[in-house]
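This report refers to the structure that appears directly beneath it.
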Amino acid sequence: MRSLNRLLALVMALAALTVFTARPALAQSILRDAESEAVLQDMSAPLIEAAGLEPENVEIVLVNDPSVNAFVAGGQIVYIHSGLINAAENANEVQGVIAHELGHITGGHILRFGDGIREASGISLLSLLIGVGAALAGAGEAAMGAIMAGQRAAMGKFLAFSRAQESSADAAGAQYLSDAGVSGKGSLEFFKRLQQMEFRRGFRPSARGDDEYYRTHPMAGDRVATLRETYVIDPAWEKQTDPELEARFQRMQAKLYGYLAEPKQVLTRYPTSMTGDAARIARAYAFHKDAQVDRAGEEIEALLERYPDDPYLLEVKGQVLLESGRPEEALPPLRRATEITRAQPLIATMFGHALIATEDEDNYEEAERVLRAAVQRDRYNPFAWYQLGVVYAARGDMARARLASAEQQVLSRQMQRALQSAEAAENALPVGSPDWLRAQDISMQARAALEREREGR
């Protein structure tokens, strides 16, 4: 029976592999990382409250795109390109951008609504922390995680804002910074640097297509001058960013760069002579991507000596070990990180993945428990649902395995597959049970989406 269950799990994995690799490569993807999301949340929370919005209802979403851009596209979601994070000198500059984008949200400046992060066609919620293994010669389970995290997503066309709307968003953003007690220096410096970049390009769109910010956010000298007049008389003008928040931002920025850039570029920007936290976390990723596991481990251990209970460092340690084909060794740091964060969904997902990757059936019960905790706190995590489906199948619970597949497929906008999986689950689950009702809900959602697609043809 155990052999049959493992065979079924393998079949599901291979089926998923076919789906993922058959999808065309798309231009952009959503980057998800527990530490980065926590930093952005803390940076933006006072601004969101100043804007009269609820922090839990506003999402700051990282987009894997090297251009300097930020935008809103419907709903209370601010999208920030990784290129903008990389270009920022400090946390205060990014806060200025977020305040400006919140001005677009509160001003109702959306001209054409996109479906948003949870509904946009083709979008997968990717985990920044799952997938570096694609660049490494690792174990099969690590490669499977890489395939999942390697999906790219189409974001649709960005909205163009009129100059009047830009001025309105500028004014609102300045007010939110002031009400939150955050200096406008960063905002002004960032806009001035963008203006200089625009001057160097002669106000013409770049042939390289890296001028996205200028197409969606027209810059002008009088705009910068107006902002300066507003900011310099504000009581918060001379206020410094909280040192702890700034240090967290610098580490997040380095982590993102270490993950996305080529190892050679990372080591040029963060040479071994730099021993700060940000430099070490960037090099840890660079060495990991370059298959120098021992050197990556040395950087992480140097950080853990200073911060032994930092869950995000424990998570990175577990990731490096997992993606290097050593899942058993990855369990202790990932288990500890999951405990410290009380099953933060992305961390718990990686821990569940590591438990499954051991191929030890004694670990499947714990894997099911932590993955269920992950999806209960964050239902919009396709990789967690995929992993949960694998462990259900391995334990012989094919009805819930199909339901988990349906959850993952509907999030990935694979509506025909989601409908098939949901109907199969509905037929096998106890009538009237919560899982049976959920299967019905997914079936109706998938049918409605397919019908809209047919009508739009």
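Letters A, B, ... go to the chains of the structure tokens in the order shown; residues in each chain start at 1; ligands are counted from 1 in the same order.
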
* **Nearby residues (only C-alpha atoms) at most 8 Å from Asp65 of chain A, same-chain spacing under 5 positions excluded, as an MDAnalysis selection string** => chainID A and resid 28:29 81:83

* **Exercise: Pro332 of chain A partners within 12 Å, only C-alpha atoms, chain neighbours under 6 positions left out, as a VMD selection string** => chain A and resid 311 314 to 315 317 to 319 321 to 322 326 338 to 339 351 354 to 355

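Pairwise distance (atom CA of Ala399 of chain A, atom CA of Leu429 of chain A) equals 6.1 Å.
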
* Within 10 Å of Glu189 of chain A, counting only C-alpha atoms, which residues qualify if same-chain residues fewer than 6 places away don't, as number ranges by chain? -> A: 88-89, 92-93, 96, 195, 224, 228

* Name the residues of segment 351-426 of chain A that fall into helix (DSSP H, G or I) according to DSSP on the backbone, using the chain letters and numbers of this document, as an NGL selection string. => :A and (351-357 or 361-377 or 382-394 or 398-411 or 415-426)

* Can you list, as a PyMOL selection string, every protein, DNA or RNA residue that comes within 10 Å of Ile77 of chain A when you count only C-alpha atoms, leaving out same-chain residues fewer than 3 positions away? -> chain A and resi 57-61+71-74+80+101-102+105+116-117

Expected file: the selected residues, N, CA and C atoms, as a short mmCIF file (atom, residue, chain, number, x, y, z; two decimals), in the first residue's frame:
data_model
loop_
_atom_site.label_atom_id
_atom_site.label_comp_id
_atom_site.auth_asym_id
_atom_site.auth_seq_id
_atom_site.Cartn_x
_atom_site.Cartn_y
_atom_site.Cartn_z
N ASN A 57 -5.80 45.60 4.73
CA ASN A 57 -6.50 45.55 3.45
C ASN A 57 -5.64 46.03 2.28
N VAL A 58 -4.46 46.54 2.57
CA VAL A 58 -3.58 47.06 1.53
C VAL A 58 -2.39 46.13 1.37
N GLU A 59 -2.10 45.76 0.14
CA GLU A 59 -0.97 44.87 -0.15
C GLU A 59 0.13 45.64 -0.87
N ILE A 60 1.37 45.40 -0.45
CA ILE A 60 2.53 45.91 -1.16
C ILE A 60 3.17 44.70 -1.82
N VAL A 61 3.13 44.66 -3.13
CA VAL A 61 3.53 43.46 -3.87
C VAL A 61 4.80 43.74 -4.66
N PHE A 71 3.31 51.04 -9.35
CA PHE A 71 2.01 51.37 -9.95
C PHE A 71 0.89 50.72 -9.14
N VAL A 72 -0.31 51.17 -9.41
CA VAL A 72 -1.51 50.53 -8.89
C VAL A 72 -2.35 50.12 -10.08
N ALA A 73 -3.13 49.05 -9.92
CA ALA A 73 -3.88 48.54 -11.07
C ALA A 73 -5.22 47.98 -10.63
N GLY A 74 -5.87 48.63 -9.72
CA GLY A 74 -7.15 48.14 -9.24
C GLY A 74 -7.04 47.58 -7.85
N ILE A 80 5.44 47.18 -6.66
CA ILE A 80 6.75 47.81 -6.70
C ILE A 80 7.73 46.89 -7.43
N GLU A 101 1.82 56.35 -4.43
CA GLU A 101 0.90 55.36 -5.00
C GLU A 101 -0.38 55.26 -4.18
N LEU A 102 -0.28 55.42 -2.87
CA LEU A 102 -1.49 55.44 -2.04
C LEU A 102 -2.38 56.62 -2.42
N ILE A 105 -4.56 55.50 -5.10
CA ILE A 105 -5.64 54.63 -4.61
C ILE A 105 -6.75 55.46 -4.00
N GLY A 116 -6.22 42.21 -10.70
CA GLY A 116 -5.52 42.22 -9.43
C GLY A 116 -4.72 40.96 -9.22
N ILE A 117 -3.96 40.95 -8.16
CA ILE A 117 -3.00 39.87 -7.94
C ILE A 117 -3.65 38.51 -7.83
#

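Closest approach to Ile233 of chain A among A:Ala282, A:Leu194, A:Ala174, A:Leu334: A:Ala174, based on only C-alpha atoms.
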
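The smallest atom-to-atom distance between Arg369 of chain A and any of A:Arg413, A:Arg438, A:Lys192, A:His353, using only C-alpha atoms, is found for A:His353.
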
Which residues come within 10 Å of segment 265-276 of chain A, counting only C-alpha atoms, excluding same-chain residues fewer than 6 positions away, as a PDB file with all heavy atoms, in the first residue's frame?
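New file around18.pdb:
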ATOM      1  N   ARG A 251      18.994  45.114   4.601  1.00  0.00           N
ATOM      2  CA  ARG A 251      19.156  43.661   4.497  1.00  0.00           C
ATOM      3  C   ARG A 251      18.197  43.083   3.467  1.00  0.00           C
ATOM      4  O   ARG A 251      18.556  42.211   2.674  1.00  0.00           O
ATOM      5  CB  ARG A 251      18.933  43.007   5.867  1.00  0.00           C
ATOM      6  CG  ARG A 251      19.456  41.577   5.916  1.00  0.00           C
ATOM      7  CD  ARG A 251      19.439  41.027   7.322  1.00  0.00           C
ATOM      8  NE  ARG A 251      18.243  40.229   7.588  1.00  0.00           N
ATOM      9  CZ  ARG A 251      18.097  39.485   8.674  1.00  0.00           C
ATOM     10  NH1 ARG A 251      19.026  39.463   9.614  1.00  0.00           N
ATOM     11  NH2 ARG A 251      16.993  38.772   8.859  1.00  0.00           N
ATOM     12  N   ALA A 254      19.539  43.909   0.006  1.00  0.00           N
ATOM     13  CA  ALA A 254      20.671  43.048  -0.337  1.00  0.00           C
ATOM     14  C   ALA A 254      20.225  41.622  -0.621  1.00  0.00           C
ATOM     15  O   ALA A 254      20.736  40.955  -1.532  1.00  0.00           O
ATOM     16  CB  ALA A 254      21.693  43.068   0.797  1.00  0.00           C
ATOM     17  N   TYR A 257      18.710  41.527  -4.060  1.00  0.00           N
ATOM     18  CA  TYR A 257      19.760  41.620  -5.078  1.00  0.00           C
ATOM     19  C   TYR A 257      20.542  40.309  -5.162  1.00  0.00           C
ATOM     20  O   TYR A 257      20.843  39.827  -6.262  1.00  0.00           O
ATOM     21  CB  TYR A 257      20.701  42.778  -4.750  1.00  0.00           C
ATOM     22  CG  TYR A 257      21.688  43.085  -5.866  1.00  0.00           C
ATOM     23  CD1 TYR A 257      21.274  43.752  -7.005  1.00  0.00           C
ATOM     24  CD2 TYR A 257      23.019  42.706  -5.758  1.00  0.00           C
ATOM     25  CE1 TYR A 257      22.176  44.039  -8.028  1.00  0.00           C
ATOM     26  CE2 TYR A 257      23.918  42.979  -6.778  1.00  0.00           C
ATOM     27  CZ  TYR A 257      23.494  43.645  -7.906  1.00  0.00           C
ATOM     28  OH  TYR A 257      24.384  43.910  -8.926  1.00  0.00           O
ATOM     29  N   GLY A 258      20.853  39.741  -4.007  1.00  0.00           N
ATOM     30  CA  GLY A 258      21.580  38.474  -3.998  1.00  0.00           C
ATOM     31  C   GLY A 258      20.809  37.363  -4.671  1.00  0.00           C
ATOM     32  O   GLY A 258      21.391  36.494  -5.335  1.00  0.00           O
ATOM     33  N   TYR A 259      19.499  37.396  -4.528  1.00  0.00           N
ATOM     34  CA  TYR A 259      18.655  36.369  -5.135  1.00  0.00           C
ATOM     35  C   TYR A 259      18.526  36.547  -6.639  1.00  0.00           C
ATOM     36  O   TYR A 259      18.554  35.574  -7.397  1.00  0.00           O
ATOM     37  CB  TYR A 259      17.271  36.390  -4.489  1.00  0.00           C
ATOM     38  CG  TYR A 259      16.285  35.454  -5.133  1.00  0.00           C
ATOM     39  CD1 TYR A 259      16.332  34.093  -4.884  1.00  0.00           C
ATOM     40  CD2 TYR A 259      15.301  35.933  -5.996  1.00  0.00           C
ATOM     41  CE1 TYR A 259      15.433  33.228  -5.479  1.00  0.00           C
ATOM     42  CE2 TYR A 259      14.405  35.071  -6.599  1.00  0.00           C
ATOM     43  CZ  TYR A 259      14.471  33.724  -6.340  1.00  0.00           C
ATOM     44  OH  TYR A 259      13.585  32.871  -6.938  1.00  0.00           O
ATOM     45  N   ALA A 282      23.536  38.878   1.113  1.00  0.00           N
ATOM     46  CA  ALA A 282      23.636  38.904  -0.355  1.00  0.00           C
ATOM     47  C   ALA A 282      24.631  37.855  -0.838  1.00  0.00           C
ATOM     48  O   ALA A 282      24.363  37.116  -1.796  1.00  0.00           O
ATOM     49  CB  ALA A 282      24.056  40.297  -0.822  1.00  0.00           C
ATOM     50  N   ARG A 283      25.776  37.770  -0.166  1.00  0.00           N
ATOM     51  CA  ARG A 283      26.783  36.793  -0.593  1.00  0.00           C
ATOM     52  C   ARG A 283      26.323  35.363  -0.352  1.00  0.00           C
ATOM     53  O   ARG A 283      26.679  34.444  -1.111  1.00  0.00           O
ATOM     54  CB  ARG A 283      28.106  37.047   0.147  1.00  0.00           C
ATOM     55  CG  ARG A 283      28.842  38.296  -0.315  1.00  0.00           C
ATOM     56  CD  ARG A 283      30.304  38.257   0.104  1.00  0.00           C
ATOM     57  NE  ARG A 283      30.481  38.156   1.544  1.00  0.00           N
ATOM     58  CZ  ARG A 283      30.581  39.190   2.376  1.00  0.00           C
ATOM     59  NH1 ARG A 283      30.520  40.422   1.901  1.00  0.00           N
ATOM     60  NH2 ARG A 283      30.761  38.994   3.666  1.00  0.00           N
ATOM     61  N   ALA A 284      25.538  35.151   0.699  1.00  0.00           N
ATOM     62  CA  ALA A 284      25.027  33.800   0.956  1.00  0.00           C
ATOM     63  C   ALA A 284      24.239  33.302  -0.247  1.00  0.00           C
ATOM     64  O   ALA A 284      24.405  32.152  -0.690  1.00  0.00           O
ATOM     65  CB  ALA A 284      24.159  33.787   2.211  1.00  0.00           C
ATOM     66  N   TYR A 285      23.394  34.167  -0.814  1.00  0.00           N
ATOM     67  CA  TYR A 285      22.636  33.773  -1.998  1.00  0.00           C
ATOM     68  C   TYR A 285      23.540  33.617  -3.214  1.00  0.00           C
ATOM     69  O   TYR A 285      23.355  32.704  -4.026  1.00  0.00           O
ATOM     70  CB  TYR A 285      21.531  34.796  -2.286  1.00  0.00           C
ATOM     71  CG  TYR A 285      20.259  34.514  -1.539  1.00  0.00           C
ATOM     72  CD1 TYR A 285      19.902  35.243  -0.416  1.00  0.00           C
ATOM     73  CD2 TYR A 285      19.418  33.485  -1.948  1.00  0.00           C
ATOM     74  CE1 TYR A 285      18.739  34.972   0.280  1.00  0.00           C
ATOM     75  CE2 TYR A 285      18.246  33.200  -1.261  1.00  0.00           C
ATOM     76  CZ  TYR A 285      17.916  33.947  -0.148  1.00  0.00           C
ATOM     77  OH  TYR A 285      16.763  33.666   0.538  1.00  0.00           O
ATOM     78  N   ALA A 286      24.521  34.501  -3.350  1.00  0.00           N
ATOM     79  CA  ALA A 286      25.427  34.419  -4.497  1.00  0.00           C
ATOM     80  C   ALA A 286      26.203  33.106  -4.475  1.00  0.00           C
ATOM     81  O   ALA A 286      26.304  32.406  -5.496  1.00  0.00           O
ATOM     82  CB  ALA A 286      26.392  35.605  -4.485  1.00  0.00           C
ATOM     83  N   PHE A 287      26.751  32.752  -3.320  1.00  0.00           N
ATOM     84  CA  PHE A 287      27.500  31.503  -3.215  1.00  0.00           C
ATOM     85  C   PHE A 287      26.579  30.299  -3.421  1.00  0.00           C
ATOM     86  O   PHE A 287      26.958  29.301  -4.040  1.00  0.00           O
ATOM     87  CB  PHE A 287      28.189  31.410  -1.854  1.00  0.00           C
ATOM     88  CG  PHE A 287      29.340  32.353  -1.682  1.00  0.00           C
ATOM     89  CD1 PHE A 287      29.512  33.060  -0.504  1.00  0.00           C
ATOM     90  CD2 PHE A 287      30.260  32.547  -2.700  1.00  0.00           C
ATOM     91  CE1 PHE A 287      30.579  33.936  -0.342  1.00  0.00           C
ATOM     92  CE2 PHE A 287      31.338  33.421  -2.547  1.00  0.00           C
ATOM     93  CZ  PHE A 287      31.493  34.126  -1.366  1.00  0.00           C
ATOM     94  N   GLU A 299      28.641  32.235   5.524  1.00  0.00           N
ATOM     95  CA  GLU A 299      28.022  33.562   5.641  1.00  0.00           C
ATOM     96  C   GLU A 299      26.799  33.516   6.553  1.00  0.00           C
ATOM     97  O   GLU A 299      26.595  34.402   7.395  1.00  0.00           O
ATOM     98  CB  GLU A 299      27.627  34.083   4.257  1.00  0.00           C
ATOM     99  CG  GLU A 299      28.779  34.260   3.277  1.00  0.00           C
ATOM    100  CD  GLU A 299      29.678  35.437   3.618  1.00  0.00           C
ATOM    101  OE1 GLU A 299      29.395  36.171   4.592  1.00  0.00           O
ATOM    102  OE2 GLU A 299      30.684  35.620   2.912  1.00  0.00           O
ATOM    103  N   ALA A 302      27.808  33.017  10.245  1.00  0.00           N
ATOM    104  CA  ALA A 302      28.338  34.251  10.828  1.00  0.00           C
ATOM    105  C   ALA A 302      27.200  35.158  11.296  1.00  0.00           C
ATOM    106  O   ALA A 302      27.304  35.825  12.340  1.00  0.00           O
ATOM    107  CB  ALA A 302      29.215  34.978   9.810  1.00  0.00           C
ATOM    108  N   LEU A 303      26.108  35.177  10.536  1.00  0.00           N
ATOM    109  CA  LEU A 303      24.942  35.971  10.929  1.00  0.00           C
ATOM    110  C   LEU A 303      24.204  35.330  12.105  1.00  0.00           C
ATOM    111  O   LEU A 303      23.756  36.024  13.021  1.00  0.00           O
ATOM    112  CB  LEU A 303      24.006  36.138   9.738  1.00  0.00           C
ATOM    113  CG  LEU A 303      24.498  37.052   8.614  1.00  0.00           C
ATOM    114  CD1 LEU A 303      23.626  36.910   7.378  1.00  0.00           C
ATOM    115  CD2 LEU A 303      24.518  38.508   9.085  1.00  0.00           C
TER     116      LEU A 303
END

For segment 36-50 of chain A, list every protein, DNA or RNA residue within 6 Å, evaluated using only C-alpha atoms, and leave out those in the same chain fewer than 3 positions away; present the list as an mmCIF file with C-alpha atoms, in the first residue's frame.
data_model
loop_
_atom_site.group_PDB
_atom_site.id
_atom_site.type_symbol
_atom_site.label_atom_id
_atom_site.label_comp_id
_atom_site.auth_asym_id
_atom_site.auth_seq_id
_atom_site.Cartn_x
_atom_site.Cartn_y
_atom_site.Cartn_z
ATOM 1 C CA ASP A 33 9.487 36.440 0.718
ATOM 2 C CA LEU A 53 -7.027 52.871 4.900
ATOM 3 C CA PRO A 55 -3.185 48.168 6.778
ATOM 4 C CA TYR A 176 0.346 61.113 4.185
ATOM 5 C CA ASP A 179 0.561 62.888 8.955
ATOM 6 C CA ALA A 180 2.651 59.756 9.546
ATOM 7 C CA MET A 252 15.991 43.134 2.476
#

* Find the residues near Ile300 of chain A: any atom within 9 Å, counting only C-alpha atoms, skip ones fewer than 4 places away on the same chain, and give them as number ranges by chain. => A: 280-281, 284, 295-296, 304-305, 313-314, 316-317

Write the selection just made, keeping N, CA, C and O atoms, as a CSV table (one decimal), in the first residue's frame?
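Contents of selection11.csv, as written:
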chain,number,residue,atom,x,y,z
A,280,ARG,N,26.5,40.1,4.0
A,280,ARG,CA,26.6,38.7,4.2
A,280,ARG,C,25.4,37.9,3.6
A,280,ARG,O,25.5,36.9,3.0
A,281,ILE,N,24.2,38.5,3.8
A,281,ILE,CA,23.0,37.8,3.3
A,281,ILE,C,23.0,37.8,1.7
A,281,ILE,O,22.6,36.8,1.1
A,284,ALA,N,25.5,35.2,0.7
A,284,ALA,CA,25.0,33.8,1.0
A,284,ALA,C,24.2,33.3,-0.2
A,284,ALA,O,24.4,32.2,-0.7
A,295,ARG,N,30.6,27.9,1.4
A,295,ARG,CA,30.8,29.3,1.6
A,295,ARG,C,29.5,30.0,1.9
A,295,ARG,O,29.5,31.0,2.7
A,296,ALA,N,28.4,29.6,1.3
A,296,ALA,CA,27.1,30.1,1.6
A,296,ALA,C,26.8,29.9,3.1
A,296,ALA,O,26.3,30.8,3.8
A,304,LEU,N,24.1,34.0,12.1
A,304,LEU,CA,23.4,33.3,13.1
A,304,LEU,C,24.1,33.4,14.5
A,304,LEU,O,23.5,33.3,15.5
A,305,GLU,N,25.4,33.6,14.4
A,305,GLU,CA,26.2,33.8,15.7
A,305,GLU,C,25.7,35.1,16.4
A,305,GLU,O,25.7,35.1,17.6
A,313,LEU,N,16.9,34.2,9.0
A,313,LEU,CA,18.2,33.6,8.8
A,313,LEU,C,18.1,32.1,8.9
A,313,LEU,O,18.7,31.4,8.1
A,314,LEU,N,17.3,31.6,9.8
A,314,LEU,CA,17.1,30.2,9.9
A,314,LEU,C,16.5,29.6,8.7
A,314,LEU,O,16.8,28.6,8.2
A,316,VAL,N,16.8,30.9,5.6
A,316,VAL,CA,17.7,30.9,4.6
A,316,VAL,C,18.7,29.7,4.7
A,316,VAL,O,19.0,29.0,3.7
A,317,LYS,N,19.1,29.4,6.0
A,317,LYS,CA,19.9,28.3,6.2
A,317,LYS,C,19.2,27.0,5.7
A,317,LYS,O,19.8,26.2,5.0
